[in-house]
Amino acid sequence: VVLVVLLRRVPEPAGDAPRQRPGASLAAVLLRPWPVVVLVLVLVEGMVLVGVLTYLPALLQRAGMSATGSGLVTAGYGVAVLLAAPLVKRLARAGMSAPLRLGTGGVLATAAYVALLLDQEWVGVLAACVLLAGAWAFMHTALQSWITEVAPGARATAVSLFASGLFLGGAAWTALGAAPFASGRFTGYLVAGAVLSAALGVAATWLHRVAYRA
C-alpha cells in the first residue's frame with residue numbers, strides 16, 4: 001500500500017507514442033503467435049527449473065539429514081547461479097547463439113533430473129542444484145531476451161506475463177509433485193521432469209531458429 005502511494009508521485013517518462021489501454025496491450029501480446037510461444041516456453045521452464053526446487057531439501061531431510069544440513073547443500077544452487085550467470089554473459093558476448101544457450105539449458109536441466117534419479121542423497125541433490133543453476137543461467141537469459149523482442153509495442157505487458165508464467169509454472173509443478181512425494185513414489189515425477197526438460201530444450205532451440213529465420 002505504501003508503494004502504491006509513493007509510486008503515484010513518480011513522474012512517468014515522456015514518450016512520443018500514446019499509452020495503450022491494458023486490454024489493447026494484452027491483445028497485442030496474446031493475439032500474436034510468437035509472444036504466445038515464448039510464454040508457453042517460460043511456463044514449462046518454470047515447471048522444470050523452479051517447481052522441483054521445493055523438494056530438494058525435503059529429499060535430504062527424508063533421508064535423515066538435518067534442516068541445517070539440507071539448507072547448506074541446496075544453497076549450492078544460489079552459489080552456482082552466481083558463478084554461472086557471468087559465464088553465460090561472457091559466452092553470449094563471445095558469440096554463443098541464443099538457440100545454443102537454450103539447447104544447453106535443456107541438456108543441463110535433463111541432467112539435473114537424471115542426477116536425482118540416480119541419487120537422492122546429498123551428492124545427487126548437490127549435483128542437481130548445480131545443474132539446475134546452469135540450466136537457469138543458459139535458458140532463462142535467452143528466453144528473457146526473446147520476450148522483449150517479440151512484442152515491441154507492448155513490451156512491459158509481455159515481460160509481466162512472462163514473469164507470471166514463470167512462477168505459475170513453478171507453482172503448478174510443485175503442486176503436481178506433492179502427492180508423489182508424500183506417497184514415496186517420486187521416481188515417476190522425476191522421469192516426467194527429465195522428459196519435459198529434454199522436450200523443452202529441443203522445442204525452444206528449434207522454435208527460436210524458426211522465429212528468426214522468418
# chains A, B, ... in the order shown; residues from 1 in each chain; ligands from 1
call {"tool": "closest_atom_pairs", "arguments": {"of": "region 67-151 of chain A", "to": "region 54-62 of chain A", "cutoff": "8 Å", "atoms": "only C-alpha atoms", "output": "Markdown table"}}
result
| residue | atom | partner | partner_atom | distance |
| --- | --- | --- | --- | --- |
| A:Ala67 | CA | A:Gln61 | CA | 6.4 |
| A:Ser70 | CA | A:Pro57 | CA | 5.0 |
| A:Gly71 | CA | A:Pro57 | CA | 6.3 |
| A:Val73 | CA | A:Pro57 | CA | 7.9 |
| A:Thr74 | CA | A:Pro57 | CA | 6.3 |
| A:Gln120 | CA | A:Leu59 | CA | 6.4 |
| A:Glu121 | CA | A:Leu60 | CA | 5.8 |
| A:Trp122 | CA | A:Leu60 | CA | 6.5 |
| A:Val125 | CA | A:Leu56 | CA | 6.3 |
call {"tool": "residues_around", "arguments": {"residues": "Cys129 (chain A)", "least_positions_apart": "5", "cutoff": "8 Å", "atoms": "only C-alpha atoms", "output": "tab-separated table (two decimals) with all heavy atoms, in the first residue's frame"}}
result
chain	number	residue	atom	x	y	z
A	74	THR	N	21.51	-27.34	-0.45
A	74	THR	CA	20.71	-26.73	-1.51
A	74	THR	C	21.08	-25.26	-1.74
A	74	THR	O	20.73	-24.70	-2.77
A	74	THR	CB	19.21	-26.86	-1.21
A	74	THR	OG1	18.94	-26.37	0.11
A	74	THR	CG2	18.77	-28.30	-1.30
A	76	GLY	N	23.83	-24.54	-2.52
A	76	GLY	CA	24.71	-24.67	-3.68
A	76	GLY	C	24.06	-24.15	-4.96
A	76	GLY	O	24.75	-23.71	-5.88
A	77	TYR	N	22.74	-24.19	-5.01
A	77	TYR	CA	22.02	-23.66	-6.18
A	77	TYR	C	22.31	-22.16	-6.34
A	77	TYR	O	22.66	-21.69	-7.43
A	77	TYR	CB	20.52	-23.90	-6.02
A	77	TYR	CG	19.70	-23.26	-7.12
A	77	TYR	CD1	19.52	-23.89	-8.34
A	77	TYR	CD2	19.11	-22.01	-6.92
A	77	TYR	CE1	18.76	-23.29	-9.34
A	77	TYR	CE2	18.35	-21.41	-7.91
A	77	TYR	CZ	18.19	-22.06	-9.13
A	77	TYR	OH	17.45	-21.46	-10.11
A	80	ALA	N	25.90	-21.52	-7.34
A	80	ALA	CA	26.14	-21.89	-8.74
A	80	ALA	C	25.53	-20.88	-9.70
A	80	ALA	O	26.11	-20.60	-10.76
A	80	ALA	CB	25.56	-23.28	-9.00
A	112	ALA	N	20.02	-32.70	-14.54
A	112	ALA	CA	19.68	-32.50	-13.13
A	112	ALA	C	18.67	-33.54	-12.66
A	112	ALA	O	18.81	-34.11	-11.56
A	112	ALA	CB	19.12	-31.09	-12.93
call {"tool": "residues_around", "arguments": {"residues": "Phe186 (chain A)", "least_positions_apart": "3", "cutoff": "12 Å", "atoms": "only C-alpha atoms", "output": "ChimeraX atom specification"}}
result
/A:52,55-56,58-59,113,116-117,120,176-183,189-193
call {"tool": "write_last_selection", "arguments": {"atoms": "N, CA, C and O atoms", "output": "tab-separated table (two decimals), in the first residue's frame"}}
result
chain	number	residue	atom	x	y	z
A	52	VAL	N	10.70	-27.88	-9.00
A	52	VAL	CA	11.33	-29.00	-8.30
A	52	VAL	C	12.18	-28.55	-7.12
A	52	VAL	O	12.49	-29.35	-6.23
A	55	TYR	N	11.47	-29.51	-3.44
A	55	TYR	CA	11.63	-30.88	-2.96
A	55	TYR	C	13.08	-31.26	-2.68
A	55	TYR	O	13.32	-32.32	-2.11
A	56	LEU	N	14.04	-30.43	-3.06
A	56	LEU	CA	15.44	-30.82	-2.88
A	56	LEU	C	15.83	-30.91	-1.40
A	56	LEU	O	16.37	-31.93	-0.97
A	58	ALA	N	13.74	-31.25	1.00
A	58	ALA	CA	12.84	-32.26	1.58
A	58	ALA	C	13.36	-33.68	1.33
A	58	ALA	O	13.23	-34.56	2.19
A	59	LEU	N	13.96	-33.91	0.16
A	59	LEU	CA	14.55	-35.22	-0.13
A	59	LEU	C	15.66	-35.53	0.87
A	59	LEU	O	15.77	-36.66	1.37
A	113	TYR	N	17.67	-33.80	-13.47
A	113	TYR	CA	16.68	-34.81	-13.09
A	113	TYR	C	17.28	-36.22	-13.10
A	113	TYR	O	16.93	-37.05	-12.25
A	116	LEU	N	19.07	-36.76	-9.88
A	116	LEU	CA	18.16	-37.08	-8.78
A	116	LEU	C	17.62	-38.50	-8.88
A	116	LEU	O	17.36	-39.14	-7.87
A	117	LEU	N	17.46	-38.98	-10.12
A	117	LEU	CA	17.01	-40.37	-10.29
A	117	LEU	C	18.08	-41.34	-9.82
A	117	LEU	O	17.77	-42.41	-9.28
A	120	GLN	N	19.37	-39.67	-4.46
A	120	GLN	CA	18.56	-38.66	-3.79
A	120	GLN	C	19.13	-38.29	-2.43
A	120	GLN	O	18.42	-37.76	-1.58
A	176	LEU	N	1.99	-30.54	-8.44
A	176	LEU	CA	1.90	-31.87	-9.04
A	176	LEU	C	2.82	-32.88	-8.35
A	176	LEU	O	2.56	-34.08	-8.39
A	177	GLY	N	3.86	-32.39	-7.71
A	177	GLY	CA	4.79	-33.30	-7.03
A	177	GLY	C	4.40	-33.64	-5.62
A	177	GLY	O	4.99	-34.55	-5.01
A	178	ALA	N	3.41	-32.96	-5.07
A	178	ALA	CA	3.07	-33.15	-3.65
A	178	ALA	C	2.64	-34.58	-3.34
A	178	ALA	O	3.13	-35.22	-2.41
A	179	ALA	N	1.69	-35.10	-4.12
A	179	ALA	CA	1.19	-36.45	-3.85
A	179	ALA	C	2.26	-37.52	-4.08
A	179	ALA	O	2.43	-38.40	-3.23
A	180	PRO	N	3.01	-37.48	-5.21
A	180	PRO	CA	4.08	-38.47	-5.38
A	180	PRO	C	5.12	-38.43	-4.26
A	180	PRO	O	5.58	-39.47	-3.80
A	181	PHE	N	5.47	-37.21	-3.81
A	181	PHE	CA	6.47	-37.13	-2.74
A	181	PHE	C	5.93	-37.69	-1.44
A	181	PHE	O	6.62	-38.44	-0.73
A	182	ALA	N	4.68	-37.36	-1.12
A	182	ALA	CA	4.09	-37.83	0.13
A	182	ALA	C	3.95	-39.35	0.17
A	182	ALA	O	4.08	-39.97	1.22
A	183	SER	N	3.69	-39.93	-1.01
A	183	SER	CA	3.48	-41.38	-1.07
A	183	SER	C	4.77	-42.16	-1.26
A	183	SER	O	4.77	-43.39	-1.24
A	189	TYR	N	7.67	-38.79	-11.06
A	189	TYR	CA	7.73	-37.33	-11.14
A	189	TYR	C	9.06	-36.87	-11.73
A	189	TYR	O	9.11	-35.97	-12.57
A	190	LEU	N	10.14	-37.49	-11.28
A	190	LEU	CA	11.47	-37.13	-11.78
A	190	LEU	C	11.66	-37.54	-13.23
A	190	LEU	O	12.28	-36.81	-14.02
A	191	VAL	N	11.13	-38.70	-13.60
A	191	VAL	CA	11.20	-39.13	-15.01
A	191	VAL	C	10.44	-38.14	-15.89
A	191	VAL	O	10.91	-37.73	-16.96
A	192	ALA	N	9.26	-37.74	-15.43
A	192	ALA	CA	8.47	-36.76	-16.19
A	192	ALA	C	9.23	-35.45	-16.32
A	192	ALA	O	9.21	-34.81	-17.38
A	193	GLY	N	9.92	-35.03	-15.27
A	193	GLY	CA	10.71	-33.81	-15.32
A	193	GLY	C	11.84	-33.91	-16.32
A	193	GLY	O	12.14	-32.94	-17.04
call {"tool": "residues_around", "arguments": {"residues": "region 36-47 of chain A", "least_positions_apart": "2", "cutoff": "8 Å", "atoms": "only C-alpha atoms", "output": "ChimeraX atom specification"}}
result
/A:29-34,49-52,140,143,146-147,161-162,165-174,196-197,200,204
call {"tool": "decode", "arguments": {"residues": "region 85-114 of chain A", "atoms": "N, CA, C and O atoms", "output": "PDB file, in the first residue's frame"}}
result
ATOM      1  N   ALA A  85      26.022 -17.197 -14.067  1.00  0.00           N
ATOM      2  CA  ALA A  85      25.479 -16.023 -14.769  1.00  0.00           C
ATOM      3  C   ALA A  85      26.556 -15.215 -15.487  1.00  0.00           C
ATOM      4  O   ALA A  85      26.411 -14.903 -16.683  1.00  0.00           O
ATOM      5  N   PRO A  86      27.666 -14.842 -14.835  1.00  0.00           N
ATOM      6  CA  PRO A  86      28.699 -14.108 -15.575  1.00  0.00           C
ATOM      7  C   PRO A  86      29.362 -14.945 -16.665  1.00  0.00           C
ATOM      8  O   PRO A  86      29.792 -14.404 -17.695  1.00  0.00           O
ATOM      9  N   LEU A  87      29.428 -16.263 -16.465  1.00  0.00           N
ATOM     10  CA  LEU A  87      29.989 -17.133 -17.502  1.00  0.00           C
ATOM     11  C   LEU A  87      29.125 -17.084 -18.762  1.00  0.00           C
ATOM     12  O   LEU A  87      29.632 -16.935 -19.885  1.00  0.00           O
ATOM     13  N   VAL A  88      27.810 -17.196 -18.580  1.00  0.00           N
ATOM     14  CA  VAL A  88      26.906 -17.139 -19.727  1.00  0.00           C
ATOM     15  C   VAL A  88      26.985 -15.780 -20.401  1.00  0.00           C
ATOM     16  O   VAL A  88      26.951 -15.677 -21.637  1.00  0.00           O
ATOM     17  N   LYS A  89      27.104 -14.735 -19.607  1.00  0.00           N
ATOM     18  CA  LYS A  89      27.221 -13.382 -20.169  1.00  0.00           C
ATOM     19  C   LYS A  89      28.448 -13.273 -21.065  1.00  0.00           C
ATOM     20  O   LYS A  89      28.379 -12.723 -22.177  1.00  0.00           O
ATOM     21  N   ARG A  90      29.569 -13.809 -20.608  1.00  0.00           N
ATOM     22  CA  ARG A  90      30.794 -13.774 -21.408  1.00  0.00           C
ATOM     23  C   ARG A  90      30.638 -14.607 -22.679  1.00  0.00           C
ATOM     24  O   ARG A  90      31.095 -14.205 -23.761  1.00  0.00           O
ATOM     25  N   LEU A  91      30.016 -15.781 -22.556  1.00  0.00           N
ATOM     26  CA  LEU A  91      29.832 -16.638 -23.728  1.00  0.00           C
ATOM     27  C   LEU A  91      28.914 -15.980 -24.754  1.00  0.00           C
ATOM     28  O   LEU A  91      29.149 -16.075 -25.966  1.00  0.00           O
ATOM     29  N   ALA A  92      27.870 -15.303 -24.280  1.00  0.00           N
ATOM     30  CA  ALA A  92      26.966 -14.613 -25.203  1.00  0.00           C
ATOM     31  C   ALA A  92      27.689 -13.498 -25.930  1.00  0.00           C
ATOM     32  O   ALA A  92      27.515 -13.301 -27.145  1.00  0.00           O
ATOM     33  N   ARG A  93      28.500 -12.754 -25.204  1.00  0.00           N
ATOM     34  CA  ARG A  93      29.268 -11.680 -25.837  1.00  0.00           C
ATOM     35  C   ARG A  93      30.296 -12.229 -26.818  1.00  0.00           C
ATOM     36  O   ARG A  93      30.655 -11.563 -27.804  1.00  0.00           O
ATOM     37  N   ALA A  94      30.776 -13.447 -26.552  1.00  0.00           N
ATOM     38  CA  ALA A  94      31.753 -14.072 -27.443  1.00  0.00           C
ATOM     39  C   ALA A  94      31.108 -14.689 -28.676  1.00  0.00           C
ATOM     40  O   ALA A  94      31.808 -15.192 -29.553  1.00  0.00           O
ATOM     41  N   GLY A  95      29.776 -14.688 -28.736  1.00  0.00           N
ATOM     42  CA  GLY A  95      29.095 -15.166 -29.935  1.00  0.00           C
ATOM     43  C   GLY A  95      28.268 -16.424 -29.769  1.00  0.00           C
ATOM     44  O   GLY A  95      27.779 -16.976 -30.760  1.00  0.00           O
ATOM     45  N   MET A  96      28.080 -16.902 -28.545  1.00  0.00           N
ATOM     46  CA  MET A  96      27.241 -18.077 -28.344  1.00  0.00           C
ATOM     47  C   MET A  96      25.796 -17.702 -28.651  1.00  0.00           C
ATOM     48  O   MET A  96      25.230 -16.804 -28.038  1.00  0.00           O
ATOM     49  N   SER A  97      25.190 -18.383 -29.591  1.00  0.00           N
ATOM     50  CA  SER A  97      23.858 -18.012 -30.063  1.00  0.00           C
ATOM     51  C   SER A  97      22.778 -18.349 -29.044  1.00  0.00           C
ATOM     52  O   SER A  97      22.959 -19.214 -28.172  1.00  0.00           O
ATOM     53  N   ALA A  98      21.646 -17.669 -29.166  1.00  0.00           N
ATOM     54  CA  ALA A  98      20.520 -17.956 -28.275  1.00  0.00           C
ATOM     55  C   ALA A  98      20.025 -19.395 -28.414  1.00  0.00           C
ATOM     56  O   ALA A  98      19.754 -20.043 -27.390  1.00  0.00           O
ATOM     57  N   PRO A  99      19.877 -19.939 -29.637  1.00  0.00           N
ATOM     58  CA  PRO A  99      19.458 -21.340 -29.729  1.00  0.00           C
ATOM     59  C   PRO A  99      20.416 -22.304 -29.025  1.00  0.00           C
ATOM     60  O   PRO A  99      19.970 -23.265 -28.386  1.00  0.00           O
ATOM     61  N   LEU A 100      21.705 -22.026 -29.107  1.00  0.00           N
ATOM     62  CA  LEU A 100      22.674 -22.895 -28.437  1.00  0.00           C
ATOM     63  C   LEU A 100      22.554 -22.772 -26.917  1.00  0.00           C
ATOM     64  O   LEU A 100      22.661 -23.770 -26.189  1.00  0.00           O
ATOM     65  N   ARG A 101      22.284 -21.576 -26.434  1.00  0.00           N
ATOM     66  CA  ARG A 101      22.084 -21.397 -24.988  1.00  0.00           C
ATOM     67  C   ARG A 101      20.822 -22.122 -24.527  1.00  0.00           C
ATOM     68  O   ARG A 101      20.798 -22.739 -23.460  1.00  0.00           O
ATOM     69  N   LEU A 102      19.770 -22.033 -25.331  1.00  0.00           N
ATOM     70  CA  LEU A 102      18.534 -22.735 -24.981  1.00  0.00           C
ATOM     71  C   LEU A 102      18.746 -24.247 -24.959  1.00  0.00           C
ATOM     72  O   LEU A 102      18.290 -24.941 -24.050  1.00  0.00           O
ATOM     73  N   GLY A 103      19.444 -24.753 -25.956  1.00  0.00           N
ATOM     74  CA  GLY A 103      19.725 -26.186 -26.002  1.00  0.00           C
ATOM     75  C   GLY A 103      20.597 -26.639 -24.849  1.00  0.00           C
ATOM     76  O   GLY A 103      20.360 -27.702 -24.247  1.00  0.00           O
ATOM     77  N   THR A 104      21.606 -25.835 -24.516  1.00  0.00           N
ATOM     78  CA  THR A 104      22.470 -26.158 -23.379  1.00  0.00           C
ATOM     79  C   THR A 104      21.669 -26.187 -22.088  1.00  0.00           C
ATOM     80  O   THR A 104      21.846 -27.081 -21.248  1.00  0.00           O
ATOM     81  N   GLY A 105      20.769 -25.231 -21.931  1.00  0.00           N
ATOM     82  CA  GLY A 105      19.918 -25.222 -20.748  1.00  0.00           C
ATOM     83  C   GLY A 105      19.061 -26.469 -20.652  1.00  0.00           C
ATOM     84  O   GLY A 105      18.890 -27.036 -19.565  1.00  0.00           O
ATOM     85  N   GLY A 106      18.524 -26.909 -21.785  1.00  0.00           N
ATOM     86  CA  GLY A 106      17.725 -28.128 -21.792  1.00  0.00           C
ATOM     87  C   GLY A 106      18.530 -29.353 -21.395  1.00  0.00           C
ATOM     88  O   GLY A 106      18.046 -30.215 -20.641  1.00  0.00           O
ATOM     89  N   VAL A 107      19.770 -29.436 -21.885  1.00  0.00           N
ATOM     90  CA  VAL A 107      20.643 -30.570 -21.540  1.00  0.00           C
ATOM     91  C   VAL A 107      20.952 -30.568 -20.043  1.00  0.00           C
ATOM     92  O   VAL A 107      20.890 -31.611 -19.364  1.00  0.00           O
ATOM     93  N   LEU A 108      21.275 -29.397 -19.506  1.00  0.00           N
ATOM     94  CA  LEU A 108      21.616 -29.312 -18.087  1.00  0.00           C
ATOM     95  C   LEU A 108      20.410 -29.632 -17.199  1.00  0.00           C
ATOM     96  O   LEU A 108      20.550 -30.307 -16.173  1.00  0.00           O
ATOM     97  N   ALA A 109      19.231 -29.153 -17.597  1.00  0.00           N
ATOM     98  CA  ALA A 109      18.029 -29.450 -16.811  1.00  0.00           C
ATOM     99  C   ALA A 109      17.723 -30.937 -16.819  1.00  0.00           C
ATOM    100  O   ALA A 109      17.380 -31.526 -15.775  1.00  0.00           O
ATOM    101  N   THR A 110      17.852 -31.566 -17.977  1.00  0.00           N
ATOM    102  CA  THR A 110      17.624 -33.012 -18.070  1.00  0.00           C
ATOM    103  C   THR A 110      18.613 -33.767 -17.197  1.00  0.00           C
ATOM    104  O   THR A 110      18.244 -34.703 -16.471  1.00  0.00           O
ATOM    105  N   ALA A 111      19.884 -33.332 -17.241  1.00  0.00           N
ATOM    106  CA  ALA A 111      20.910 -33.979 -16.430  1.00  0.00           C
ATOM    107  C   ALA A 111      20.621 -33.825 -14.940  1.00  0.00           C
ATOM    108  O   ALA A 111      20.919 -34.727 -14.141  1.00  0.00           O
ATOM    109  N   ALA A 112      20.020 -32.701 -14.538  1.00  0.00           N
ATOM    110  CA  ALA A 112      19.682 -32.500 -13.128  1.00  0.00           C
ATOM    111  C   ALA A 112      18.672 -33.542 -12.656  1.00  0.00           C
ATOM    112  O   ALA A 112      18.808 -34.115 -11.564  1.00  0.00           O
ATOM    113  N   TYR A 113      17.673 -33.804 -13.470  1.00  0.00           N
ATOM    114  CA  TYR A 113      16.675 -34.814 -13.090  1.00  0.00           C
ATOM    115  C   TYR A 113      17.279 -36.217 -13.096  1.00  0.00           C
ATOM    116  O   TYR A 113      16.934 -37.051 -12.252  1.00  0.00           O
ATOM    117  N   VAL A 114      18.179 -36.473 -14.034  1.00  0.00           N
ATOM    118  CA  VAL A 114      18.852 -37.775 -14.059  1.00  0.00           C
ATOM    119  C   VAL A 114      19.691 -37.962 -12.797  1.00  0.00           C
ATOM    120  O   VAL A 114      19.720 -39.055 -12.199  1.00  0.00           O
TER     121      VAL A 114
END
